[in-house]
Each structure stands twice: as C-alpha cells, then as structure tokens.
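J.: Contents of upload-v1.csv (CSV, C-alpha atoms) are below:
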chain,number,residue,atom,x,y,z
A,921,MET,CA,21.3,8.0,54.3
A,922,ALA,CA,18.6,5.3,53.9
A,923,ALA,CA,19.4,2.4,51.6
A,924,PRO,CA,17.6,2.5,48.2
A,925,THR,CA,14.4,0.5,48.0
A,926,SER,CA,14.1,-2.5,45.7
A,927,GLU,CA,11.9,-0.4,43.5
A,928,HIS,CA,14.7,2.2,43.1
A,929,LYS,CA,17.3,-0.6,42.5
A,930,THR,CA,15.3,-2.2,39.6
A,931,PHE,CA,15.8,-0.4,36.3
A,932,LYS,CA,12.5,0.8,34.9
A,933,VAL,CA,11.5,2.3,31.6
A,934,LEU,CA,8.5,4.7,31.4
A,935,ILE,CA,6.9,4.7,27.9
A,936,ALA,CA,4.7,7.5,26.7
A,937,GLY,CA,2.3,6.4,24.0
A,938,GLY,CA,0.4,3.2,23.3
A,939,SER,CA,1.3,3.4,19.6
A,940,LEU,CA,2.7,0.7,17.4
A,941,VAL,CA,6.1,1.9,18.7
A,942,GLY,CA,5.1,2.1,22.3
A,943,LEU,CA,3.4,-1.3,22.4
A,944,GLY,CA,6.3,-2.8,20.3
A,945,LEU,CA,8.8,-1.5,22.8
A,946,ALA,CA,6.8,-2.7,25.7
A,947,LEU,CA,6.7,-6.2,24.2
A,948,ALA,CA,10.4,-6.1,23.5
A,949,LEU,CA,11.2,-5.0,27.1
A,950,GLU,CA,8.9,-7.7,28.5
A,951,HIS,CA,10.7,-10.4,26.5
A,952,ALA,CA,14.1,-9.0,27.7
A,953,GLY,CA,12.9,-9.1,31.3
A,954,ILE,CA,13.2,-5.3,31.7
A,955,GLU,CA,10.6,-3.5,34.0
A,956,TYR,CA,8.5,-0.9,32.3
A,957,GLY,CA,5.2,1.1,32.5
A,958,LEU,CA,3.3,2.3,29.5
A,959,PHE,CA,1.0,5.4,29.6
A,960,GLU,CA,-1.5,6.0,26.8
A,961,LYS,CA,-3.7,9.1,26.7
A,962,GLY,CA,-6.6,7.3,25.0
A,963,ASP,CA,-7.6,3.7,24.4
A,964,ILE,CA,-5.5,0.8,23.1
A,965,ALA,CA,-6.2,0.0,19.5
A,966,PRO,CA,-8.7,2.8,18.7
A,967,GLN,CA,-10.5,2.9,15.4
A,968,LEU,CA,-8.2,5.8,14.2
A,969,GLY,CA,-5.8,5.9,11.3
A,970,ALA,CA,-6.2,3.4,8.6
A,971,SER,CA,-3.3,1.0,7.8
A,972,ILE,CA,0.2,0.1,8.5
A,973,GLY,CA,2.6,-1.3,6.0
A,974,LEU,CA,5.2,-3.7,7.4
A,975,HIS,CA,8.4,-4.6,5.6
A,976,PRO,CA,10.5,-7.8,6.1
A,977,HIS,CA,13.0,-6.3,8.6
A,978,SER,CA,10.1,-5.3,10.9
A,979,LEU,CA,8.4,-8.7,10.5
A,980,ARG,CA,11.7,-10.3,11.6
A,981,ILE,CA,11.5,-8.3,14.8
A,982,LEU,CA,7.8,-9.1,15.3
A,983,ASP,CA,8.6,-12.8,14.6
A,984,GLN,CA,11.2,-12.8,17.4
A,985,LEU,CA,8.5,-11.2,19.7
A,986,GLY,CA,6.0,-14.0,18.8
A,987,VAL,CA,3.6,-11.7,17.0
A,988,TRP,CA,4.1,-12.5,13.4
A,989,THR,CA,2.2,-15.8,13.6
A,990,ASP,CA,-1.0,-14.0,14.5
A,991,ILE,CA,-0.4,-11.2,12.0
A,992,GLU,CA,0.2,-13.7,9.2
A,993,LYS,CA,-3.2,-15.3,9.7
A,994,GLU,CA,-4.9,-12.0,8.8
A,995,VAL,CA,-3.0,-10.7,5.8
A,996,VAL,CA,-2.4,-11.5,2.1
A,997,PRO,CA,1.3,-10.9,1.3
A,998,LEU,CA,1.7,-8.4,-1.5
A,999,LEU,CA,3.1,-10.0,-4.6
A,1000,ASN,CA,2.2,-8.0,-7.7
A,1001,ARG,CA,2.9,-4.3,-8.4
A,1002,ARG,CA,1.8,-2.3,-11.4
A,1003,HIS,CA,2.6,1.3,-12.2
A,1004,TYR,CA,0.3,3.5,-14.3
A,1005,ASP,CA,0.7,6.9,-15.9
A,1006,GLU,CA,-1.9,9.6,-16.1
A,1007,ASN,CA,-3.3,8.1,-19.3
A,1008,GLY,CA,-3.9,4.7,-17.6
A,1009,HIS,CA,-1.0,3.1,-19.4
A,1010,CYS,CA,0.8,0.4,-17.4
A,1011,PHE,CA,4.5,1.3,-17.8
A,1012,GLU,CA,5.8,-1.3,-15.4
A,1013,GLU,CA,4.6,-4.6,-14.1
A,1014,SER,CA,7.0,-5.6,-11.4
A,1015,ASP,CA,7.7,-8.8,-9.6
A,1016,VAL,CA,10.0,-7.0,-7.1
A,1017,LEU,CA,7.8,-7.9,-4.2
A,1018,VAL,CA,8.1,-11.6,-5.0
A,1019,GLU,CA,11.9,-11.2,-5.2
A,1020,ILE,CA,12.0,-9.4,-1.9
A,1021,GLY,CA,10.1,-12.2,-0.3
A,1022,LYS,CA,12.5,-14.8,-1.7
A,1023,ILE,CA,15.6,-13.0,-0.6
A,1024,LEU,CA,14.5,-11.9,2.8
A,1025,HIS,CA,12.2,-14.8,3.6
A,1026,ARG,CA,9.4,-12.5,4.6
A,1027,PRO,CA,6.8,-10.5,2.6
A,1028,ILE,CA,5.7,-6.9,2.6
A,1029,ILE,CA,2.2,-6.6,4.0
A,1030,PHE,CA,-0.5,-4.1,4.7
A,1031,MET,CA,-3.0,-4.5,7.5
A,1032,GLU,CA,-5.4,-2.3,9.6
A,1033,ARG,CA,-3.5,-0.3,12.1
A,1034,SER,CA,-6.1,-1.1,14.8
A,1035,ARG,CA,-5.7,-4.8,14.3
A,1036,ALA,CA,-1.9,-4.5,14.5
A,1037,LEU,CA,-2.2,-2.6,17.8
A,1038,GLN,CA,-4.7,-5.1,19.2
A,1039,ILE,CA,-2.4,-8.1,18.3
A,1040,LEU,CA,0.6,-6.4,20.0
A,1041,TYR,CA,-1.4,-5.7,23.1
A,1042,ASP,CA,-2.8,-9.2,23.2
A,1043,HIS,CA,0.8,-10.6,23.3
A,1044,ILE,CA,1.7,-8.5,26.4
A,1045,GLY,CA,1.8,-10.8,29.3
A,1046,ASP,CA,1.4,-8.4,32.2
A,1047,LYS,CA,-1.3,-5.9,31.1
A,1048,SER,CA,-1.2,-4.2,34.5
A,1049,ARG,CA,1.9,-2.4,33.2
A,1050,VAL,CA,-0.3,-0.7,30.5
A,1051,HIS,CA,-2.2,2.3,31.7
A,1052,VAL,CA,-4.9,3.6,29.3
A,1053,SER,CA,-6.6,7.0,29.3
A,1054,ASN,CA,-3.7,8.3,31.4
A,1055,GLY,CA,-1.1,9.9,29.2
A,1056,VAL,CA,2.1,11.8,30.3
A,1057,VAL,CA,1.5,15.5,31.0
A,1058,ASP,CA,4.8,16.4,32.6
A,1059,TYR,CA,8.1,15.0,33.9
A,1060,GLU,CA,10.8,16.0,36.4
A,1061,GLU,CA,14.4,14.6,36.6
A,1062,THR,CA,16.9,14.1,39.4
A,1063,ASP,CA,20.4,12.7,39.3
A,1064,THR,CA,19.1,9.2,39.7
A,1065,ARG,CA,15.4,9.1,38.6
A,1066,ILE,CA,12.8,10.6,36.3
A,1067,THR,CA,9.2,11.1,37.5
A,1068,ILE,CA,6.2,11.6,35.3
A,1069,THR,CA,2.9,13.1,36.1
A,1070,THR,CA,-0.1,11.6,34.3
A,1071,GLN,CA,-3.5,12.8,33.3
A,1072,ASP,CA,-5.0,11.6,36.6
A,1073,GLY,CA,-2.5,13.7,38.6
A,1074,ARG,CA,-0.5,10.7,39.9
A,1075,LYS,CA,3.2,10.4,39.7
A,1076,HIS,CA,5.2,7.4,38.5
A,1077,SER,CA,9.0,7.0,38.8
A,1078,GLY,CA,11.5,5.2,36.6
A,1079,HIS,CA,15.0,5.6,35.2
A,1080,ILE,CA,14.3,6.7,31.6
A,1081,LEU,CA,11.3,8.0,29.8
A,1082,VAL,CA,10.7,7.0,26.1
A,1083,GLY,CA,8.6,9.4,24.0
A,1084,ALA,CA,6.8,7.0,21.7
A,1085,ASP,CA,3.9,9.4,21.3
A,1086,GLY,CA,4.0,10.3,17.6
A,1087,ILE,CA,4.4,13.3,15.5
A,1088,HIS,CA,2.5,15.5,18.0
A,1089,SER,CA,4.6,14.2,20.9
A,1090,ARG,CA,3.9,15.7,24.3
A,1091,VAL,CA,7.3,14.4,25.5
A,1092,ARG,CA,9.1,16.2,22.7
A,1093,GLN,CA,7.2,19.4,23.6
A,1094,LEU,CA,8.2,19.0,27.3
A,1095,MET,CA,11.8,18.3,26.3
A,1096,ALA,CA,11.9,21.5,24.2
A,1097,ASP,CA,10.4,23.5,27.0
A,1098,LYS,CA,12.9,22.3,29.5
A,1099,ILE,CA,16.0,23.0,27.4
A,1100,SER,CA,14.8,26.3,25.9
A,1101,SER,CA,16.4,28.4,28.6
A,1102,VAL,CA,19.9,26.9,28.1
A,1103,ASP,CA,19.8,26.0,24.4
A,1104,SER,CA,17.2,27.8,22.4
A,1105,ALA,CA,18.5,26.5,19.0
A,1106,ALA,CA,18.1,22.9,20.1
A,1107,SER,CA,14.7,23.7,21.6
A,1108,ASN,CA,13.5,25.2,18.3
A,1109,ASN,CA,14.8,22.2,16.4
A,1110,LEU,CA,12.7,19.9,18.5
A,1111,LEU,CA,9.6,22.0,17.7
A,1112,GLU,CA,10.2,23.0,14.1
A,1113,ALA,CA,12.2,20.1,12.5
A,1114,PHE,CA,9.4,18.6,10.5
A,1115,THR,CA,8.1,20.1,7.2
A,1116,SER,CA,5.1,19.1,5.1
A,1117,GLU,CA,4.8,19.5,1.3
A,1118,TYR,CA,2.0,17.0,0.6
A,1119,ASN,CA,-1.4,16.2,2.0
A,1120,CYS,CA,-2.7,12.7,2.1
A,1121,ILE,CA,-6.0,10.9,2.4
A,1122,PHE,CA,-5.3,7.4,3.7
A,1123,ALA,CA,-8.2,5.0,4.0
A,1124,VAL,CA,-9.5,1.4,4.2
A,1125,SER,CA,-12.2,0.4,1.8
A,1126,ARG,CA,-14.3,-2.7,1.2
A,1127,ASN,CA,-13.0,-4.8,-1.7
A,1128,ASP,CA,-16.0,-7.0,-2.6
A,1129,PRO,CA,-14.7,-10.5,-3.4
A,1130,ALA,CA,-17.5,-10.9,-5.9
A,1131,GLY,CA,-16.3,-7.9,-7.9
A,1132,PRO,CA,-13.1,-6.6,-6.4
A,1133,LEU,CA,-11.6,-3.3,-7.3
A,1134,LEU,CA,-8.3,-5.0,-7.5
A,1135,PRO,CA,-7.3,-8.6,-6.8
A,1136,ASP,CA,-5.8,-9.8,-3.5
A,1137,ALA,CA,-2.0,-9.4,-3.3
A,1138,MET,CA,-2.0,-6.6,-5.9
A,1139,VAL,CA,-0.6,-3.0,-5.5
A,1140,HIS,CA,-1.5,-0.3,-8.0
A,1141,ASN,CA,0.5,2.9,-8.3
A,1142,VAL,CA,-0.6,5.8,-10.5
A,1143,TYR,CA,1.2,9.1,-11.1
A,1144,TYR,CA,-0.1,12.5,-12.2
A,1145,SER,CA,1.4,16.0,-12.1
A,1146,GLN,CA,1.3,17.2,-8.5
A,1147,TYR,CA,-0.6,14.2,-7.1
A,1148,SER,CA,-0.5,10.4,-7.1
A,1149,ALA,CA,-2.3,7.4,-5.6
A,1150,VAL,CA,-1.6,3.9,-4.3
A,1151,ALA,CA,-4.0,1.0,-3.6
A,1152,ALA,CA,-3.0,-2.3,-2.1
A,1153,ALA,CA,-5.2,-5.4,-1.5
A,1154,GLY,CA,-3.4,-6.7,1.5
A,1155,VAL,CA,-6.3,-8.3,3.5
A,1156,HIS,CA,-9.0,-10.4,1.9
A,1157,GLY,CA,-12.1,-8.2,1.4
A,1158,LEU,CA,-10.2,-4.9,2.0
A,1159,VAL,CA,-8.1,-2.4,0.1
A,1160,PHE,CA,-5.8,0.1,1.7
A,1161,TRP,CA,-5.3,3.3,-0.3
A,1162,PHE,CA,-3.6,6.7,-0.3
A,1163,LEU,CA,-4.2,9.9,-2.3
A,1164,PHE,CA,-1.1,12.2,-2.2
A,1165,VAL,CA,-1.6,15.8,-3.3
A,1166,LYS,CA,1.0,18.5,-3.4
A,1167,ALA,CA,0.1,21.2,-0.8
A,1168,PRO,CA,-0.3,24.9,-1.9
A,1169,ALA,CA,2.7,25.8,0.3
A,1170,LYS,CA,5.3,24.1,2.5
A,1171,THR,CA,4.4,24.2,6.2
A,1172,LYS,CA,6.5,23.5,9.3
A,1173,THR,CA,5.7,22.1,12.7
A,1174,PRO,CA,4.0,23.1,14.9
A,1175,ASN,CA,2.0,24.9,12.2
A,1176,CYS,CA,1.3,22.0,9.8
A,1177,PRO,CA,-2.4,21.9,9.1
A,1178,ARG,CA,-5.0,19.7,10.8
A,1179,PHE,CA,-7.8,18.5,8.5
A,1180,THR,CA,-11.5,17.7,9.0
A,1181,ASP,CA,-13.8,15.3,7.3
A,1182,GLU,CA,-15.1,18.2,5.3
A,1183,ASP,CA,-11.5,18.9,4.1
A,1184,ALA,CA,-11.2,15.3,2.9
A,1185,GLN,CA,-14.5,15.5,1.1
A,1186,THR,CA,-13.4,18.7,-0.7
A,1187,LEU,CA,-10.3,16.9,-1.9
A,1188,ILE,CA,-12.4,13.9,-3.1
A,1189,ASP,CA,-14.7,16.4,-5.0
A,1190,GLU,CA,-11.6,17.7,-6.8
A,1191,TYR,CA,-9.7,14.4,-7.4
A,1192,GLY,CA,-12.4,11.7,-7.2
A,1193,SER,CA,-12.4,11.1,-11.0
A,1194,THR,CA,-8.7,10.1,-10.8
A,1195,GLN,CA,-8.2,6.6,-12.2
A,1196,VAL,CA,-6.1,4.5,-9.8
A,1197,GLY,CA,-6.2,1.1,-11.7
A,1198,PRO,CA,-8.1,-0.5,-14.4
A,1199,GLY,CA,-11.9,0.1,-14.0
A,1200,TYR,CA,-11.9,2.1,-10.8
A,1201,ASN,CA,-11.1,5.6,-9.5
A,1202,VAL,CA,-10.6,7.4,-6.3
A,1203,ARG,CA,-14.3,8.1,-5.8
A,1204,ASP,CA,-15.0,4.3,-6.1
A,1205,LEU,CA,-12.6,3.8,-3.3
A,1206,TRP,CA,-14.0,6.6,-1.3
A,1207,GLU,CA,-17.6,5.4,-1.6
A,1208,ALA,CA,-16.6,1.9,-0.4
A,1209,ARG,CA,-14.6,3.3,2.5
A,1210,VAL,CA,-14.7,1.8,6.0
A,1211,LYS,CA,-12.6,4.6,7.5
A,1212,ALA,CA,-10.6,7.5,6.1
A,1213,THR,CA,-8.4,10.3,7.4
A,1214,MET,CA,-6.7,13.3,5.9
A,1215,THR,CA,-3.4,14.4,7.2
A,1216,PRO,CA,-0.3,16.4,6.2
A,1217,LEU,CA,2.8,14.3,5.4
A,1218,GLU,CA,5.4,15.6,7.8
A,1219,GLU,CA,9.0,14.7,7.1
A,1220,GLY,CA,12.2,15.3,9.0
A,1221,VAL,CA,14.8,14.0,11.4
A,1222,ILE,CA,15.4,15.8,14.6
A,1223,GLU,CA,19.1,16.4,15.5
A,1224,GLU,CA,18.7,15.7,19.3
A,1225,TRP,CA,17.1,12.4,20.0
A,1226,SER,CA,17.7,12.4,23.8
A,1227,HIS,CA,18.2,14.8,26.7
A,1228,GLY,CA,18.9,13.8,30.2
A,1229,ARG,CA,16.8,10.7,31.0
A,1230,VAL,CA,14.5,11.2,28.1
A,1231,VAL,CA,14.8,9.6,24.6
A,1232,LEU,CA,12.5,9.8,21.6
A,1233,LEU,CA,11.5,7.0,19.3
A,1234,GLY,CA,9.5,6.7,16.1
A,1235,ASP,CA,7.5,9.6,14.6
A,1236,SER,CA,8.3,11.7,17.6
A,1237,VAL,CA,11.9,12.1,16.3
A,1238,HIS,CA,12.0,11.0,12.6
A,1239,LYS,CA,9.7,10.6,9.6
A,1240,SER,CA,11.2,9.8,6.3
A,1241,THR,CA,10.2,8.1,3.0
A,1242,ILE,CA,6.7,7.8,4.4
A,1243,ASN,CA,4.9,7.2,1.2
A,1244,PRO,CA,5.9,3.5,1.1
A,1245,GLY,CA,5.5,3.2,4.9
A,1246,LEU,CA,9.2,3.4,5.9
A,1247,GLY,CA,8.4,5.7,8.9
A,1248,GLY,CA,6.9,2.9,11.0
A,1249,ASN,CA,9.4,0.4,9.9
A,1250,LEU,CA,12.3,2.6,10.8
A,1251,ALA,CA,10.7,2.9,14.3
A,1252,TYR,CA,11.0,-0.9,14.7
A,1253,GLU,CA,14.7,-0.6,14.0
A,1254,GLY,CA,14.8,1.9,16.8
A,1255,ILE,CA,12.9,-0.4,19.2
A,1256,ALA,CA,15.4,-3.2,18.5
A,1257,HIS,CA,18.4,-0.9,18.8
A,1258,LEU,CA,17.3,0.6,22.2
A,1259,THR,CA,16.5,-2.8,23.6
A,1260,ASN,CA,19.8,-4.3,22.4
A,1261,LEU,CA,21.6,-1.4,24.1
A,1262,LEU,CA,19.8,-1.9,27.4
A,1263,VAL,CA,20.1,-5.7,27.7
A,1264,PRO,CA,23.9,-6.0,28.0
A,1265,LEU,CA,24.1,-2.7,30.0
A,1266,LEU,CA,21.7,-4.1,32.6
A,1267,LYS,CA,23.5,-7.5,32.7
A,1268,GLN,CA,26.7,-5.7,33.5
A,1269,HIS,CA,25.0,-3.4,36.0
A,1270,PRO,CA,22.0,-5.1,37.5
A,1271,VAL,CA,21.5,-2.2,39.9
A,1272,TRP,CA,21.1,1.0,38.0
A,1273,GLU,CA,23.8,3.6,38.8
A,1274,ASN,CA,23.4,7.2,38.0
A,1275,THR,CA,26.8,7.2,36.2
A,1276,LEU,CA,25.7,4.9,33.4
A,1277,GLN,CA,25.4,6.1,29.9
A,1278,ILE,CA,23.4,4.7,27.0
A,1279,ASP,CA,25.4,5.5,23.9
A,1280,GLY,CA,24.2,5.0,20.3
As structure tokens, how would this structure be written, given the file I've shared?

T.:
Amino acid sequence: MAAPTSEHKTFKVLIAGGSLVGLGLALALEHAGIEYGLFEKGDIAPQLGASIGLHPHSLRILDQLGVWTDIEKEVVPLLNRRHYDENGHCFEESDVLVEIGKILHRPIIFMERSRALQILYDHIGDKSRVHVSNGVVDYEETDTRITITTQDGRKHSGHILVGADGIHSRVRQLMADKISSVDSAASNNLLEAFTSEYNCIFAVSRNDPAGPLLPDAMVHNVYYSQYSAVAAAGVHGLVFWFLFVKAPAKTKTPNCPRFTDEDAQTLIDEYGSTQVGPGYNVRDLWEARVKATMTPLEEGVIEEWSHGRVVLLGDSVHKSTINPGLGGNLAYEGIAHLTNLLVPLLKQHPVWENTLQIDG
C-alpha cells in the first residue's frame, strides 16, 4: 500500500458557511495552526440581515482572536435600558448593562452584521482558504477522510466537516438524508427540531444625530399583548430595532414561513403606530430604515450534533433565547469548545488516525 501523502497526514477541517460562525471558526483554527478550508455559497459580508448583538463572553473570544480592537472602534457600548408598557409608562430604568460591564470588563454591543463579517474576514491571514460563491452541495465519507462536492463540481478532501451554514443548513439536510435509512427518528429530528411561534422584523435605521430617535448607548424595550419591540442605539448615527409579533400558528421546520418585503410592509401597516420609546413609533423607525428583513423566529436544540465526520455549529443545530441575541453568542461558545478540543488532540496525535474520537 502506498504511504499517505503529506496532504492526508495533515489534519484539515472543512467549513460550510461564511457566516459569523464559519468565519469565527476559521479565525480560531488559523490562530491555533490548524489547516482548514471554508466554503461559502455567496459572497463574504453581504448586505443581508441587519445586526448582531455581542455579549461579553463572545467579546472575550473575539479579543483573543485580535478582532475586538477593530470592533470597538465602530460601536457605542450599550449602557442604559428602559422598559415601557403599552401605555408608554416607563416601569423600569435599569443600569444592569453598566453593572455587566463592570463585572465582566466588557460591554454588550450591537453592530451591523455585514461589518462584523467584514472585520472577521479582514483578520484572516490566508484568504486563499476562503472560497466564495462555492458552497457545499454534497459530501462522502470513508474510514479516514471526508470529501465534499462544491457548487463548481470540484471535490475537496479533509478530516471533518463543520456545518456552520445556519438555520437552513445544507449540511444538516445532507446529514439527515444519509442517516434516514438506518435511523429515521434521528433523521426527522434533524429536519423538524425547530419551531417558530413569533415573526420578527429586524432592521437598521438612521438615527439623525441632530434629532435622534433615541440617544446613543440607549436600549428601549416596549411590551404589548402578543407583540413587543426593542430599539438599541449601538452605533453612532444608527439604531438597531426589532418588532416581535405572535404568529397565528406555531410552525415547524422545514415548513416555517419565508417572508417577502410585501409581508414586512403588511406588518408595518398593522403595527406601525406602536410606540417604542418617547416620541417615536415603529413607523418612524421603518421610514428611516437602511435595511430590514422579516423572518420567523425559529427555536430549538437538535439532539444529534454530529454524525460520522460531520459536526454542526451555531444556528444549524441550536437556536435559543434569540430575542436578546443569545443564539449567535452561544455559537461563539461552540467555536471555542470545538477548537479547544482539537488543539490538545492534535498535539497528542500530529498525524490524524482514523481511530481518534472528538468527545464533548
């Protein structure tokens, strides 16, 4: 038998998805000296989505990766939080965000998702490892390798595949298809584990410094029966906001709805007069929007996070407590955990052996 090539000796991670999770994992692996290739079906840092909220534990990870310094230049840490009832009465004026910053030595922030993606990408040293407009469409496993097929028809080989491709994960779909013949219950759980009870418009709007809707560093929360809203001034000149509305019925993946701009406008027509904070309402935010998207709020945790040489990370496997942004932050814990498992394992076994197991 021919000796394995140096390519086959070197452990390599294949990453599906140039998301905040995929790029974050790529950067972590690069810092750890672990070979990888990232495959994204579209462009890096597209003008899609709206914002990302990052909590202190995620910022600690990003600080270790050298990213926080650049993020810090662009954001206004959130310091003040006010809660309003449906009559416009402020029933709580909280300094909890200040206290969190004091205790954890890092703030809670909001920023544009596209800027966060761009900053992560800019910090990647070897950009030849990042393949855009070339997502994963299929994979095949052997006892020692996993090989993906990408949009351009080419094949790429590695040792594990990480599905960091979001709630509509292609990798999760492929995993479900491959195990359906031997474990239909596990396959169905992969496909149907998320449910949605609320719909959300999330957006970025202009916040004119000459007459701001809310001052920098402020968060407004307002609560009505069956719906609520949040607005946060986390970047100078911008406000990030969310309108959460109870859906007519609970839906389950893969049948959660997809919404159009017309659907979002219909929701604004119904709820636009909703006051969010003193002196402004949802329609004021909508009319000042830079970008906006309407989506269902899927929630759930899949029981099976890995199968064979495939592991899922982030929204592809868990979404919980998403209204304050914990979904993305839990994903960064996953990045740290996976990398921290790989580093000592590969130090112990510099040449990857097919008997090794990643536990945890």

J.: Quick one: everything within 8 Å of stretch 1197-1214 of chain A, counting only C-alpha atoms, minus sequence neighbours fewer than 2 positions away in the same chain. Send it as a VMD selection string.

T.: chain A and resid 969 to 970 1004 1008 1119 to 1127 1133 to 1134 1140 to 1142 1161 1163 1179 to 1181 1183 to 1184 1188 1191 to 1195 1216

J.: Residues within 7 Å of (8.3, 18.5, 8.3), file coordinates, counting all atoms listed in the file: what are they? Give the list as a list in words.

T.: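 In the file's frame, the residues around the point are Ala1113, Phe1114, Thr1115, Ser1116, Lys1172, Thr1173, Glu1218, Glu1219 and Gly1220 of chain A.
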
J.: Got a sec: who's within 7 Å of A:Val1082, counting all atoms listed in the file, leaving out chain neighbours fewer than 4 positions off, as an mmCIF file with C-alpha atoms, in the coordinates of the input?

T.:
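Everything below was put into out08.cif:
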data_model
loop_
_atom_site.group_PDB
_atom_site.id
_atom_site.type_symbol
_atom_site.label_atom_id
_atom_site.label_comp_id
_atom_site.auth_asym_id
_atom_site.auth_seq_id
_atom_site.Cartn_x
_atom_site.Cartn_y
_atom_site.Cartn_z
ATOM 1 C CA LEU A 934 8.500 4.700 31.400
ATOM 2 C CA ILE A 935 6.900 4.700 27.900
ATOM 3 C CA ALA A 936 4.700 7.500 26.700
ATOM 4 C CA VAL A 1230 14.500 11.200 28.100
ATOM 5 C CA VAL A 1231 14.800 9.600 24.600
ATOM 6 C CA LEU A 1232 12.500 9.800 21.600
ATOM 7 C CA LEU A 1233 11.500 7.000 19.300
#

J.: Just checking: using all atoms listed in the file, which residue out of A:Leu1110, A:Val1091, A:Val987, A:Ala952 ends up closest to A:Leu1258?

T.: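 Of A:Leu1110, A:Val1091, A:Val987, A:Ala952, the one nearest A:Leu1258, counting all atoms listed in the file, is A:Ala952.
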
J.: With all atoms listed in the file as the atoms that count, which of A:Ser1226, A:Glu1032, A:Gly957, A:Asn1109 lies nearest to A:Lys1075?

T.: A:Gly957

J.: Would you compute the distance between atom CA of A:Leu1246 and atom CA of A:Ile1028? Give it in Å to one decimal.

T.: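 For atom CA of A:Leu1246 relative to atom CA of A:Ile1028, the distance reads 11.4 Å.
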
J.: Give as a PyMOL selection string the set of residues within 12 Å of the point (-1.5, -4.9, 23.8), where distances use the file's coordinates and only C-alpha atoms.

T.: chain A and resi 937-948+950+958+960+963-966+987+1034-1052

J.: Out of A:Val1221, A:Val1263, A:Gly1078, A:Ala1106, which residue has the shortest atom-to-atom distance to A:Leu1250 when counting all atoms listed in the file?

T.: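 Using all atoms listed in the file, A:Leu1250 sits closest to A:Val1221.
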
J.: Excluding same-chain residues fewer than 2 positions from stretch 1057-1059 of chain A, what lies within 9 Å of it counting only C-alpha atoms, as a VMD selection string?

T.: chain A and resid 1054 to 1055 1061 1066 to 1071 1073 1075 1081 1090 to 1091 1094

J.: Calculated over all atoms listed in the file, which of the candidates A:Glu1112, A:Glu1117, A:Glu1019, A:Asp1128 has the smallest distance to A:Pro976?

T.: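 Among the listed residues, A:Glu1019 lies closest to A:Pro976.
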
J.: Between A:His975, A:Val1056, A:Leu949, A:Leu999, which is the closest to A:Asn1260 once you count only C-alpha atoms?

T.: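 Residue with the minimum atom-to-atom distance to A:Asn1260: A:Leu949.
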
J.: Quick one: pull the distance between atom CA of A:His1076 and atom CA of A:Ile954, Å, one decimal.

T.: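 About the pair atom CA of A:His1076 and atom CA of A:Ile954: they are 16.5 Å apart.
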
J.: Just how far from atom CA of A:Glu1253 is atom CA of A:Leu998, in Å to one decimal?

T.: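 Computed distance, atom CA of A:Leu998 to atom CA of A:Glu1253, equals 21.7 Å.
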
J.: Might you pull out every residue within 8 Å of A:Met1138, with all atoms listed in the file counted and same-chain residues fewer than 6 positions away left off, and present them as a list in words?

T.: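 Once the adjacent positions are removed, what remains is Leu998, Leu999, Asn1000, Arg1001, Arg1002, Ala1152, Ala1153 and Gly1154 of chain A.
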
J.: Put those residues in a file: C-alpha atoms, as a compact mmCIF listing (two decimals), in the frame of the given file.

T.:
# COMPACT_ATOMS: atom_id res chain seq x y z
CA LEU A 998 1.70 -8.40 -1.50
CA LEU A 999 3.10 -10.00 -4.60
CA ASN A 1000 2.20 -8.00 -7.70
CA ARG A 1001 2.90 -4.30 -8.40
CA ARG A 1002 1.80 -2.30 -11.40
CA ALA A 1152 -3.00 -2.30 -2.10
CA ALA A 1153 -5.20 -5.40 -1.50
CA GLY A 1154 -3.40 -6.70 1.50

J.: Which residues, written as a ChimeraX atom specification, have at least one atom at most 12 Å from A:Val995, with only C-alpha atoms counted and residues fewer than 3 positions away on the same chain left out?

T.: /A:971-974,988-992,998,1027-1032,1035-1036,1136-1137,1152-1160
